[in-house]
file model25.cif (mmCIF, C-alpha atoms and all ligand atoms)
data_work
#
loop_
_atom_site.label_atom_id
_atom_site.label_comp_id
_atom_site.auth_asym_id
_atom_site.auth_seq_id
_atom_site.Cartn_x
_atom_site.Cartn_y
_atom_site.Cartn_z
CA MET A 581 0.00 0.00 0.00
CA LYS A 582 1.31 3.41 -0.99
CA LYS A 583 2.11 5.60 2.01
CA LEU A 584 1.46 9.33 1.62
CA PHE A 585 2.92 12.06 3.78
CA ILE A 586 0.46 13.68 6.18
CA PRO A 587 1.66 16.69 8.19
CA ALA A 588 1.89 16.11 11.94
CA GLY A 589 -1.08 18.40 12.78
CA ALA A 590 -3.42 16.75 10.27
CA GLU A 591 -2.31 13.31 11.41
CA ARG A 592 -3.06 14.15 15.03
CA ILE A 593 -6.54 15.39 14.08
CA ILE A 594 -7.24 12.18 12.15
CA GLU A 595 -5.96 9.98 15.00
CA LYS A 596 -8.04 11.84 17.58
CA LEU A 597 -11.20 11.55 15.48
CA LYS A 598 -10.51 7.84 15.09
CA THR A 599 -9.95 7.18 18.82
CA ASN A 600 -13.31 8.87 19.35
CA GLY A 601 -14.92 6.30 17.08
CA HIS A 602 -15.11 8.28 13.81
CA GLU A 603 -13.65 7.82 10.34
CA ALA A 604 -11.30 10.54 9.07
CA TYR A 605 -9.15 11.12 5.98
CA ILE A 606 -7.22 13.81 4.16
CA VAL A 607 -9.21 14.58 1.03
CA GLY A 608 -9.33 16.40 -2.31
CA GLY A 609 -6.54 18.56 -3.70
CA CYS A 610 -3.95 17.51 -1.12
CA VAL A 611 -4.29 13.80 -2.00
CA ARG A 612 -4.17 14.62 -5.72
CA ASP A 613 -1.06 16.77 -5.31
CA ALA A 614 0.70 14.30 -3.01
CA LEU A 615 0.17 11.55 -5.61
CA LEU A 616 1.57 13.87 -8.29
CA GLY A 617 4.63 14.51 -6.14
CA LYS A 618 3.69 18.18 -5.68
CA ALA A 619 3.62 19.96 -2.33
CA PRO A 620 -0.08 20.39 -1.44
CA TYR A 621 -1.24 23.95 -0.81
CA ASP A 622 -3.22 22.93 2.28
CA TYR A 623 -4.71 19.81 3.82
CA ASP A 624 -8.47 19.30 4.13
CA ILE A 625 -9.92 16.58 6.32
CA THR A 626 -13.19 14.73 5.80
CA THR A 627 -14.81 12.81 8.65
CA SER A 628 -17.90 10.89 9.71
CA ALA A 629 -18.03 13.01 12.91
CA LEU A 630 -20.79 15.63 13.03
CA PRO A 631 -19.80 19.30 13.46
CA GLU A 632 -20.85 19.30 17.12
CA GLU A 633 -18.81 16.15 17.71
CA ILE A 634 -15.75 17.72 16.02
CA LYS A 635 -16.14 20.77 18.24
CA SER A 636 -16.40 18.71 21.41
CA ILE A 637 -13.26 16.69 20.58
CA PHE A 638 -10.89 19.61 19.86
CA GLU A 639 -9.94 22.49 22.06
CA LYS A 640 -9.49 25.20 19.46
CA THR A 641 -12.10 25.35 16.71
CA VAL A 642 -13.74 27.99 14.54
CA ASP A 643 -17.21 27.66 13.02
CA THR A 644 -16.25 28.17 9.39
CA GLY A 645 -19.34 26.82 7.70
CA ILE A 646 -21.28 24.86 10.27
CA ALA A 647 -24.36 24.63 8.03
CA HIS A 648 -22.24 22.84 5.40
CA GLY A 649 -20.45 20.76 8.02
CA THR A 650 -17.13 22.62 8.10
CA VAL A 651 -15.28 23.33 11.32
CA THR A 652 -11.75 24.72 11.35
CA VAL A 653 -9.55 22.91 13.84
CA ILE A 654 -6.39 24.71 14.88
CA CYS A 655 -3.49 22.41 15.61
CA ASP A 656 -0.09 23.88 16.56
CA GLY A 657 -1.32 27.21 15.20
CA VAL A 658 -2.13 25.71 11.77
CA PRO A 659 -5.79 25.77 10.69
CA TYR A 660 -7.27 22.62 9.14
CA GLU A 661 -10.74 22.52 7.60
CA VAL A 662 -12.53 19.47 8.93
CA THR A 663 -15.80 18.70 7.12
CA THR A 664 -18.42 16.11 7.89
CA PHE A 665 -19.14 13.53 5.11
CA ARG A 666 -21.81 15.32 3.17
CA ILE A 667 -24.42 14.79 0.48
CA ASP A 668 -25.57 17.89 -1.37
CA GLY A 669 -29.32 18.27 -1.83
CA GLU A 670 -31.07 19.82 -4.84
CA TYR A 671 -29.23 22.72 -6.46
CA GLN A 672 -30.67 26.16 -7.17
CA ASP A 673 -29.66 28.56 -9.98
CA SER A 674 -26.67 26.38 -11.01
CA ARG A 675 -24.74 27.30 -7.89
CA HIS A 676 -26.07 26.45 -4.42
CA PRO A 677 -27.41 23.24 -2.94
CA VAL A 678 -30.70 24.16 -1.23
CA SER A 679 -29.81 21.81 1.60
CA VAL A 680 -27.05 19.48 2.62
CA SER A 681 -27.30 16.33 4.67
CA PHE A 682 -24.64 14.43 6.53
CA THR A 683 -23.81 10.79 5.90
CA LYS A 684 -21.68 8.05 7.48
CA LYS A 685 -20.49 6.77 4.09
CA VAL A 686 -17.27 8.31 2.79
CA GLU A 687 -18.08 7.18 -0.79
CA LEU A 688 -21.16 9.43 -0.77
CA ASP A 689 -18.99 12.37 0.23
CA LEU A 690 -16.56 11.59 -2.60
CA ALA A 691 -19.52 11.41 -5.00
CA ARG A 692 -20.40 15.09 -4.45
CA ARG A 693 -16.90 16.24 -5.46
CA ASP A 694 -16.23 17.75 -8.87
CA PHE A 695 -13.58 15.69 -10.68
CA THR A 696 -12.31 12.16 -10.19
CA VAL A 697 -8.78 13.38 -9.42
CA ASN A 698 -10.27 15.52 -6.62
CA ALA A 699 -12.45 12.70 -5.29
CA LEU A 700 -9.71 10.80 -3.49
CA CYS A 701 -9.17 10.48 0.23
CA TYR A 702 -6.49 8.83 2.31
CA ASN A 703 -5.39 7.80 5.77
CA HIS A 704 -2.50 5.58 6.80
CA GLU A 705 -4.78 2.76 7.90
CA SER A 706 -7.11 2.48 4.89
CA GLY A 707 -4.76 3.80 2.20
CA ILE A 708 -6.35 5.63 -0.71
CA ILE A 709 -10.11 5.41 -1.21
CA ASP A 710 -10.76 5.81 -4.91
CA ALA A 711 -14.44 5.31 -5.67
CA PHE A 712 -14.46 6.97 -9.12
CA GLY A 713 -11.25 5.99 -10.86
CA GLY A 714 -9.28 9.06 -9.79
CA ILE A 715 -5.93 7.25 -9.62
CA SER A 716 -6.21 5.96 -13.16
CA ASP A 717 -7.24 9.44 -14.38
CA LEU A 718 -4.26 10.94 -12.56
CA GLU A 719 -1.97 8.46 -14.29
CA ASN A 720 -3.51 9.21 -17.67
CA LYS A 721 -3.65 12.94 -17.00
CA ILE A 722 -7.40 13.27 -17.43
CA ILE A 723 -9.93 15.68 -15.95
CA ARG A 724 -13.23 13.80 -15.75
CA ALA A 725 -16.36 14.83 -13.88
CA VAL A 726 -17.42 12.50 -11.08
CA ARG A 727 -20.46 10.63 -12.45
CA ASP A 728 -22.56 12.43 -15.12
CA PRO A 729 -20.85 15.66 -16.25
CA GLU A 730 -24.09 17.25 -17.47
CA LEU A 731 -25.76 16.69 -14.13
CA ARG A 732 -22.71 17.93 -12.24
CA PHE A 733 -22.38 21.10 -14.32
CA SER A 734 -26.09 21.78 -14.10
CA GLU A 735 -25.81 21.56 -10.30
CA ASP A 736 -22.92 24.01 -10.02
CA ALA A 737 -21.72 25.85 -13.12
CA LEU A 738 -18.49 26.94 -11.45
CA ARG A 739 -17.31 23.37 -12.11
CA VAL A 740 -17.20 24.27 -15.83
CA PHE A 741 -14.55 26.87 -15.09
CA ARG A 742 -12.78 24.66 -12.54
CA ALA A 743 -12.38 22.00 -15.20
CA ILE A 744 -10.37 24.30 -17.45
CA ARG A 745 -8.44 25.74 -14.49
CA PHE A 746 -7.29 22.25 -13.48
CA ALA A 747 -6.37 21.55 -17.12
CA ALA A 748 -4.23 24.72 -17.08
CA VAL A 749 -2.58 23.97 -13.75
CA LEU A 750 -2.06 20.22 -14.15
CA GLY A 751 -1.57 20.01 -17.93
CA PHE A 752 -4.31 17.36 -18.16
CA ASN A 753 -6.71 16.76 -21.03
CA ILE A 754 -10.41 17.05 -20.42
CA GLU A 755 -12.24 13.81 -21.11
CA ASP A 756 -14.59 13.96 -24.13
CA LYS A 757 -17.95 13.70 -22.36
CA THR A 758 -16.85 16.26 -19.77
CA LYS A 759 -15.61 18.50 -22.58
CA ARG A 760 -18.93 18.31 -24.42
CA ALA A 761 -20.77 19.16 -21.20
CA ILE A 762 -18.49 22.18 -20.72
CA ARG A 763 -19.68 23.53 -24.06
CA GLU A 764 -23.27 22.76 -23.23
CA TYR A 765 -23.23 24.41 -19.81
CA LYS A 766 -20.77 27.26 -20.31
CA THR A 767 -23.56 29.86 -20.55
CA SER A 768 -24.65 28.94 -17.00
CA LEU A 769 -21.42 30.55 -15.79
CA LYS A 770 -23.39 33.80 -15.80
CA ASN A 771 -25.11 32.59 -12.62
CA ILE A 772 -21.84 32.34 -10.73
CA SER A 773 -20.57 35.19 -8.57
CA VAL A 774 -17.67 37.15 -10.04
CA GLU A 775 -15.63 36.56 -6.89
CA ARG A 776 -15.75 32.77 -7.31
CA ILE A 777 -14.93 33.08 -11.01
CA TYR A 778 -12.00 35.40 -10.41
CA ILE A 779 -10.40 33.00 -7.89
CA GLU A 780 -10.45 30.25 -10.54
CA TRP A 781 -9.35 32.62 -13.33
CA LYS A 782 -6.27 33.69 -11.35
CA LYS A 783 -5.37 30.06 -10.72
CA LEU A 784 -5.90 29.31 -14.43
CA LEU A 785 -3.58 32.18 -15.37
CA SER A 786 -0.87 30.90 -13.06
CA GLY A 787 -0.99 27.44 -14.65
CA LYS A 788 1.98 26.14 -16.60
CA TRP A 789 -0.46 25.16 -19.38
CA ALA A 790 -2.47 28.40 -19.28
CA TYR A 791 -1.67 29.30 -22.89
CA THR A 792 -2.96 26.03 -24.34
CA VAL A 793 -6.11 26.25 -22.26
CA ILE A 794 -6.79 29.89 -23.18
CA GLU A 795 -6.33 28.95 -26.84
CA GLU A 796 -8.64 25.95 -26.69
CA TYR A 797 -11.26 27.29 -24.27
CA LEU A 798 -11.41 31.00 -25.07
CA ASP A 799 -15.12 30.53 -25.78
CA VAL A 800 -15.61 29.39 -22.18
CA ILE A 801 -13.48 32.16 -20.70
CA THR A 802 -15.32 34.82 -22.70
CA GLU A 803 -18.59 33.73 -21.08
CA CYS A 804 -17.12 35.36 -17.96
CA ILE A 805 -14.77 37.89 -19.57
CA PRO A 806 -16.45 38.86 -22.88
CA GLU A 807 -13.86 41.62 -23.41
CA LEU A 808 -11.37 38.95 -24.50
CA ASN A 809 -13.56 37.84 -27.39
CA GLY A 810 -11.59 37.45 -30.62
CA ILE A 811 -8.17 38.42 -29.26
CA LYS A 812 -5.03 37.34 -31.04
CA LEU A 813 -2.75 35.77 -28.48
CA PRO A 814 0.91 36.80 -28.15
CA GLU A 815 3.73 34.37 -28.85
CA ARG A 816 3.54 31.31 -26.60
CA VAL A 817 7.09 31.22 -25.18
CA LYS A 818 6.93 34.87 -24.31
CA PHE A 819 3.51 34.52 -22.66
CA ASP A 820 4.79 31.53 -20.68
CA ALA A 821 7.62 33.58 -19.20
CA LEU A 822 5.17 36.05 -17.61
CA THR A 823 3.65 35.95 -14.12
CA ALA A 824 -0.11 35.36 -13.70
CA GLU A 825 -0.66 39.08 -13.10
CA GLU A 826 1.33 40.02 -16.20
CA ARG A 827 -0.53 37.41 -18.24
CA GLN A 828 -3.82 39.04 -17.36
CA ILE A 829 -2.50 42.44 -18.39
CA ILE A 830 -1.07 41.21 -21.69
CA LEU A 831 -4.39 39.62 -22.67
CA PHE A 832 -6.07 43.00 -22.22
CA ALA A 833 -3.15 44.74 -23.93
CA CYS A 834 -4.02 42.53 -26.92
CA VAL A 835 -7.51 44.08 -26.78
CA GLY A 836 -5.71 47.40 -26.84
CA ASP A 837 -7.95 49.71 -24.82
CA SER A 838 -7.23 50.36 -21.13
CA LYS A 839 -10.87 51.43 -20.64
CA VAL A 840 -11.97 47.92 -21.59
CA TYR A 841 -9.53 46.51 -19.04
CA GLU A 842 -10.80 48.92 -16.39
CA ASN A 843 -14.41 47.97 -17.00
CA ALA A 844 -13.60 44.27 -16.83
CA MET A 845 -11.62 44.67 -13.60
CA CYS A 846 -14.45 46.69 -12.03
CA ARG A 847 -17.00 44.09 -13.03
CA LEU A 848 -14.83 41.29 -11.63
CA ARG A 849 -14.40 43.36 -8.41
CA VAL A 850 -10.63 43.17 -8.66
CA ASP A 851 -8.57 45.07 -6.07
CA ASN A 852 -7.45 48.60 -6.95
CA LYS A 853 -3.74 47.78 -6.95
CA THR A 854 -4.14 45.16 -9.69
CA LYS A 855 -6.50 47.41 -11.61
CA ASP A 856 -4.23 50.47 -11.43
CA LEU A 857 -1.10 48.55 -12.38
CA GLY A 858 -2.76 47.15 -15.49
CA MET A 859 -4.22 50.53 -16.47
CA THR A 860 -0.83 52.23 -16.20
CA VAL A 861 0.91 49.47 -18.13
CA ILE A 862 -1.62 49.35 -20.98
CA ASN A 863 -1.49 53.16 -21.28
CA ASN A 864 2.31 53.19 -21.34
CA LEU A 865 3.34 50.47 -23.76
CA THR A 866 5.29 53.09 -25.69
CA LEU A 867 8.69 51.58 -24.96
CA SER A 868 10.96 50.83 -27.90
CA ASP A 869 14.60 49.92 -28.55
CA GLY A 870 15.27 53.31 -30.06
CA MET A 871 14.63 55.19 -26.82
CA THR A 872 17.59 57.18 -25.57
CA GLU A 873 18.64 57.25 -21.95
CA PRO A 874 17.07 60.69 -21.32
CA GLU A 875 13.84 59.36 -22.86
CA LEU A 876 13.88 56.36 -20.54
CA ARG A 877 14.55 58.65 -17.56
CA LEU A 878 11.61 60.79 -18.58
CA TYR A 879 9.47 57.65 -18.91
CA LEU A 880 10.34 56.77 -15.30
CA CYS A 881 9.18 60.23 -14.20
CA ASN A 882 5.72 59.44 -15.54
CA VAL A 883 5.40 55.74 -14.77
CA ALA A 884 6.02 54.22 -11.32
CA ASP A 885 8.91 51.72 -11.08
CA GLU A 886 6.86 48.53 -10.83
CA ALA A 887 4.56 49.54 -13.67
CA ALA A 888 7.52 50.58 -15.82
CA LEU A 889 9.28 47.23 -15.39
CA THR A 890 6.02 45.36 -16.01
CA ALA A 891 5.41 47.44 -19.13
CA ALA A 892 8.91 46.56 -20.37
CA ARG A 893 8.28 42.84 -19.88
CA ILE A 894 4.93 43.07 -21.62
CA ALA A 895 6.22 45.22 -24.48
CA PHE A 896 8.92 42.58 -25.00
CA ALA A 897 6.35 39.76 -24.89
CA LEU A 898 4.31 41.63 -27.50
CA GLY A 899 7.40 41.88 -29.73
CA ARG A 900 7.53 45.67 -29.47
CA CYS A 901 11.05 45.87 -28.04
CA SER A 902 13.94 43.68 -26.98
CA GLU A 903 14.67 42.56 -23.42
CA SER A 904 17.38 45.19 -23.14
CA VAL A 905 14.76 47.90 -22.48
CA TYR A 906 13.82 46.11 -19.27
CA GLU A 907 17.48 45.86 -18.28
CA ARG A 908 18.09 49.53 -19.03
CA LEU A 909 15.08 50.62 -16.96
CA LYS A 910 16.14 48.34 -14.12
CA HIS A 911 19.62 49.80 -14.21
CA LEU A 912 18.27 53.37 -14.01
CA ILE A 913 16.02 52.44 -11.08
CA GLU A 914 18.88 50.74 -9.26
CA ALA A 915 21.06 53.78 -9.85
CA ASP A 916 18.23 55.77 -8.25
CA THR A 917 17.82 58.17 -11.14
CA PRO A 918 15.72 61.21 -10.09
CA ARG A 919 12.17 60.32 -11.14
CA SER A 920 9.83 62.03 -8.73
CA ILE A 921 9.55 65.54 -7.41
CA ALA A 922 10.71 64.29 -4.01
CA ASP A 923 14.05 63.33 -5.62
CA LEU A 924 14.78 66.94 -6.61
CA LYS A 925 17.33 68.82 -4.56
CA ILE A 926 14.86 71.68 -4.26
CA ASP A 927 11.42 71.77 -2.68
CA GLY A 928 8.25 73.84 -2.71
CA ARG A 929 9.32 75.94 0.25
CA GLU A 930 12.41 77.11 -1.55
CA LEU A 931 10.32 78.04 -4.57
CA ILE A 932 8.04 80.11 -2.30
CA ASP A 933 11.14 81.93 -1.08
CA LEU A 934 11.85 82.69 -4.72
CA GLY A 935 8.39 84.21 -5.10
CA PHE A 936 6.41 81.24 -6.50
CA ARG A 937 2.81 80.89 -5.37
CA GLY A 938 -0.12 78.49 -5.88
CA GLU A 939 -0.19 76.23 -8.94
CA ARG A 940 3.04 77.68 -10.26
CA ILE A 941 4.99 75.84 -7.55
CA GLY A 942 3.90 72.40 -8.71
CA ARG A 943 4.31 73.34 -12.35
CA MET A 944 7.88 74.53 -11.81
CA LEU A 945 8.81 71.40 -9.84
CA LYS A 946 7.49 69.27 -12.72
CA GLU A 947 9.42 71.31 -15.23
CA LEU A 948 12.61 70.96 -13.18
CA LEU A 949 12.15 67.21 -12.90
CA THR A 950 11.72 66.92 -16.67
CA LEU A 951 14.86 68.95 -17.26
CA VAL A 952 16.86 66.90 -14.76
CA ALA A 953 15.61 63.64 -16.27
CA MET A 954 16.55 64.81 -19.74
CA GLY A 955 20.02 65.78 -18.53
CA LYS A 956 19.48 69.45 -19.27
CA ILE A 957 20.12 70.58 -15.69
CA GLU A 958 22.11 68.87 -12.97
CA ASN A 959 20.19 67.93 -9.85
CA GLU A 960 22.01 70.43 -7.67
CA LYS A 961 20.30 72.95 -5.45
CA HIS A 962 21.96 76.12 -6.72
CA LYS A 963 21.46 75.17 -10.36
CA LEU A 964 17.79 74.37 -9.82
CA LYS A 965 17.31 77.62 -7.89
CA GLU A 966 19.08 79.58 -10.57
CA TYR A 967 16.85 78.12 -13.29
CA ALA A 968 13.66 78.65 -11.27
CA ALA A 969 14.63 82.23 -10.41
CA SER A 970 15.30 83.12 -14.02
CA ALA A 971 12.20 81.31 -15.31
CA GLY A 972 10.03 82.85 -12.60
CA LYS A 973 10.83 86.37 -13.61
P1 LIG B 1 -6.17 23.79 -4.99
O1 LIG B 1 -4.92 23.00 -4.93
O2 LIG B 1 -6.13 24.83 -6.05
O3 LIG B 1 -6.66 24.32 -3.68
P2 LIG B 1 -8.31 21.90 -4.67
O4 LIG B 1 -8.64 20.66 -5.44
O5 LIG B 1 -7.87 21.73 -3.27
O6 LIG B 1 -7.25 22.72 -5.51
P3 LIG B 1 -10.37 23.58 -3.62
O7 LIG B 1 -11.11 24.66 -4.30
O8 LIG B 1 -9.46 23.93 -2.50
O9 LIG B 1 -9.58 22.81 -4.76
O10 LIG B 1 -11.43 22.52 -3.13
C1 LIG B 1 -11.11 21.42 -2.30
C2 LIG B 1 -11.88 20.17 -2.74
O11 LIG B 1 -13.28 20.38 -2.59
C3 LIG B 1 -11.69 19.78 -4.19
O12 LIG B 1 -10.54 18.99 -4.39
C4 LIG B 1 -12.97 19.04 -4.49
O13 LIG B 1 -12.92 17.73 -4.00
C5 LIG B 1 -14.00 19.79 -3.68
N1 LIG B 1 -14.66 20.90 -4.41
C6 LIG B 1 -14.30 22.19 -4.43
N2 LIG B 1 -15.12 22.95 -5.16
C7 LIG B 1 -16.08 22.10 -5.63
C8 LIG B 1 -17.24 22.26 -6.43
N3 LIG B 1 -17.59 23.46 -6.91
N4 LIG B 1 -17.98 21.17 -6.68
C9 LIG B 1 -17.65 19.95 -6.19
N5 LIG B 1 -16.56 19.74 -5.43
C10 LIG B 1 -15.78 20.79 -5.14
MG MG B 2 -7.43 23.37 -1.85
#
call {"tool": "encode", "arguments": {"input": "model25.cif", "output": "structure tokens", "more": "lines below"}}
Ligand code: ATP
Ligand code: MG
result
Amino acid sequence: MKKLFIPAGAERIIEKLKTNGHEAYIVGGCVRDALLGKAPYDYDITTSALPEEIKSIFEKTVDTGIAHGTVTVICDGVPYEVTTFRIDGEYQDSRHPVSVSFTKKVELDLARRDFTVNALCYNHESGIIDAFGGISDLENKIIRAVRDPELRFSEDALRVFRAIRFAAVLGFNIEDKTKRAIREYKTSLKNISVERIYIEWKKLLSGKWAYTVIEEYLDVITECIPELNGIKLPERVKFDALTAEERQIILFACVGDSKVYENAMCRLRVDNKTKDLGMTVINNLTLSDGMTEPELRLYLCNVADEAALTAARIAFALGRCSESVYERLKHLIEADTPRSIADLKIDGRELIDLGFRGERIGRMLKELLTLVAMGKIENEKHKLKEYAASAGK
């Protein structure tokens, strides 16, 4: 029997549940990843114990989703989600089971899970429980819905998107019947909350096989992100070298309009930092090999460091410039080239002393920064003062 690693905390939880007369296993993604030789992200535990029983056995627990049978047990400071074996009732609007009921049969809990490779559980005593052929699908690199794909996608349409996200992350093929059901149920994705979609989309983008999946399943993705309809993808090797965040930006850069990106990010309720970075990058893809050093310095005065470096990587991936532009920008940043008003060896107070008032102060500081960046004035106090005094007259 194959022995899988279980972290000490999870093992103690399983042992304690067992000494109290219950069944308990690690389940889902962690079993899949352990079998693939990958470090699992976190360990979930499934048990025959009812939520109240779980809570009475362990000292430190948090009611994470009591109604759905989930209690978080904290062991050595690490939280583990412990969920009672569960059968989902009827589903509403392709997303929520109206009710759930608990069961004593682990196979029934595995039956409610999305894909065979995610429907595996394990403990040291019983080994792997594989009720739906998950091990064979793992070996053959196949994503297959547990039981009837049409039924499963009609219950919860998010599974349609999860199927392609696992294909992108694991590099697996989607089994034919499951693939046909994806096409049939993709329009139900409109019933799924944008937050749930965006979690899966980010994971998809981070996948080693994201490019292939975006190419093959763009019609599914555009059900959730219609802005990407009809885009021409960048070159594969260059796309592959980008981070998930950069990949999202480049897809919208292929659309070409930062307004479209902004609208999509607002609709998907993406955080402002991600939204602003992408906006700045898409609006500043003006980098080219022919840019002189003063031009690059000036660019850095208008575009924040992180956005500038991201823009350089994306401009390269789009074939608009060579990698050297990134290196040159990085070098200027490391050399701490003056690129914001705060870097000037003169400040607003000194301009007031020279007779500047109101808006003219900010305007002069901007002008001085431009001149310094372009190498037309040295960043030295007396030179800056001299210029301002003569210009102010
Ligand atoms: P990851 O490594 O990205 O966390 P995961 O397989 O652990 O992948 P989770 O979203 O953490 O995915 O879900 C944990 C487990 O819960 C899954 O492996 C699967 O068994 C089950 N599951 C999650 N979402 C669904 C769903 N929408 N329908 C059915 N089962 C699901
Ligand atoms: Mg997980």
call {"tool": "atom_distance", "arguments": {"input": "model25.cif", "atom1": "atom CA of A:Gly870", "atom2": "atom CA of A:Thr950"}}
result
19.4 Å
call {"tool": "residues_near_ligand", "arguments": {"input": "model25.cif", "ligand": "ligand MG 2 (chain B)", "cutoff": "12 Å", "atoms": "only C-alpha atoms and all ligand atoms", "output": "list in words"}}
result
Ile606, Val607, Gly608, Gly609, Cys610, Val611, Arg612, Asp613, Ala619, Pro620, Tyr621, Asp622, Tyr623, Asp624, Ile625, Tyr660, Glu661, Asn698, Phe746, Ile779, Glu780 and Lys783 of chain A
call {"tool": "residues_around", "arguments": {"input": "model25.cif", "residues": "A:Phe741", "least_positions_apart": "3", "cutoff": "12 Å", "atoms": "all atoms listed in the file", "output": "number ranges by chain"}}
result
A: 694, 733, 736-738, 744-748, 754, 758-759, 761-763, 765-770, 772, 774, 776-784, 793-794, 797-805
call {"tool": "residues_around", "arguments": {"input": "model25.cif", "residues": "stretch 699-705 of chain A", "least_positions_apart": "3", "cutoff": "10 Å", "atoms": "all atoms listed in the file", "output": "ChimeraX atom specification"}}
result
/A:581-586,591,594-595,603-612,624-626,686-687,689-696,708-715,725-726
call {"tool": "atom_distance", "arguments": {"input": "model25.cif", "atom1": "atom CA of A:Ala743", "atom2": "atom CA of A:Glu670"}}
result
21.5 Å
call {"tool": "closest_residue", "arguments": {"input": "model25.cif", "among": "A:Gly617, A:Pro659, A:Gly928, A:Pro874", "to": "A:Gly955", "atoms": "all atoms listed in the file"}}
result
A:Pro874
call {"tool": "atom_distance", "arguments": {"input": "model25.cif", "atom1": "atom CA of A:Leu822", "atom2": "atom CA of A:Ala897"}}
result
8.3 Å
call {"tool": "closest_residue", "arguments": {"input": "model25.cif", "among": "A:Asp820, A:Asp668, A:Glu775, A:Asp923", "to": "ligand LIG 1 (chain B)", "atoms": "only C-alpha atoms and all ligand atoms"}}
result
A:Asp668
call {"tool": "closest_residue", "arguments": {"input": "model25.cif", "among": "A:Ile723, A:Leu878, A:Ala969, A:Ile830", "to": "ligand LIG 1 (chain B)", "atoms": "all atoms listed in the file"}}
result
A:Ile723
call {"tool": "closest_residue", "arguments": {"input": "model25.cif", "among": "A:Glu875, A:Ala844, A:Gly899, A:Asn771", "to": "A:Pro814", "atoms": "only C-alpha atoms"}}
result
A:Gly899
call {"tool": "residues_around", "arguments": {"input": "model25.cif", "residues": "stretch 900-911 of chain A", "least_positions_apart": "5", "cutoff": "7 Å", "atoms": "only C-alpha atoms", "output": "ChimeraX atom specification"}}
result
/A:867-869,876,889,892-893,895
call {"tool": "decode", "arguments": {"input": "model25.cif", "residues": "stretch 831-845 of chain A", "atoms": "N, CA and C atoms", "output": "compact mmCIF listing (two decimals), in the first residue's frame"}}
result
# COMPACT_ATOMS: atom_id res chain seq x y z
N LEU A 831 -3.19 40.01 -21.92
CA LEU A 831 -4.39 39.62 -22.67
C LEU A 831 -5.22 40.87 -22.97
N PHE A 832 -5.31 41.77 -21.99
CA PHE A 832 -6.07 43.00 -22.22
C PHE A 832 -5.28 43.98 -23.09
N ALA A 833 -3.96 43.91 -23.03
CA ALA A 833 -3.15 44.74 -23.93
C ALA A 833 -3.41 44.31 -25.37
N CYS A 834 -3.69 43.02 -25.57
CA CYS A 834 -4.02 42.53 -26.92
C CYS A 834 -5.36 43.12 -27.38
N VAL A 835 -6.25 43.41 -26.42
CA VAL A 835 -7.51 44.08 -26.78
C VAL A 835 -7.18 45.53 -27.16
N GLY A 836 -6.25 46.10 -26.42
CA GLY A 836 -5.71 47.40 -26.84
C GLY A 836 -6.22 48.63 -26.12
N ASP A 837 -7.34 48.52 -25.40
CA ASP A 837 -7.95 49.71 -24.82
C ASP A 837 -7.97 49.57 -23.29
N SER A 838 -7.30 50.49 -22.59
CA SER A 838 -7.23 50.36 -21.13
C SER A 838 -8.60 50.54 -20.48
N LYS A 839 -9.50 51.24 -21.16
CA LYS A 839 -10.87 51.43 -20.64
C LYS A 839 -11.58 50.08 -20.54
N VAL A 840 -11.35 49.25 -21.56
CA VAL A 840 -11.97 47.92 -21.59
C VAL A 840 -11.46 47.11 -20.41
N TYR A 841 -10.14 47.21 -20.18
CA TYR A 841 -9.53 46.51 -19.04
C TYR A 841 -10.15 47.01 -17.74
N GLU A 842 -10.26 48.33 -17.61
CA GLU A 842 -10.80 48.92 -16.39
C GLU A 842 -12.22 48.43 -16.12
N ASN A 843 -13.03 48.44 -17.16
CA ASN A 843 -14.41 47.97 -17.00
C ASN A 843 -14.45 46.52 -16.55
N ALA A 844 -13.61 45.70 -17.18
CA ALA A 844 -13.60 44.27 -16.83
C ALA A 844 -13.16 44.10 -15.38
N MET A 845 -12.12 44.81 -14.97
CA MET A 845 -11.62 44.67 -13.60
C MET A 845 -12.67 45.14 -12.58
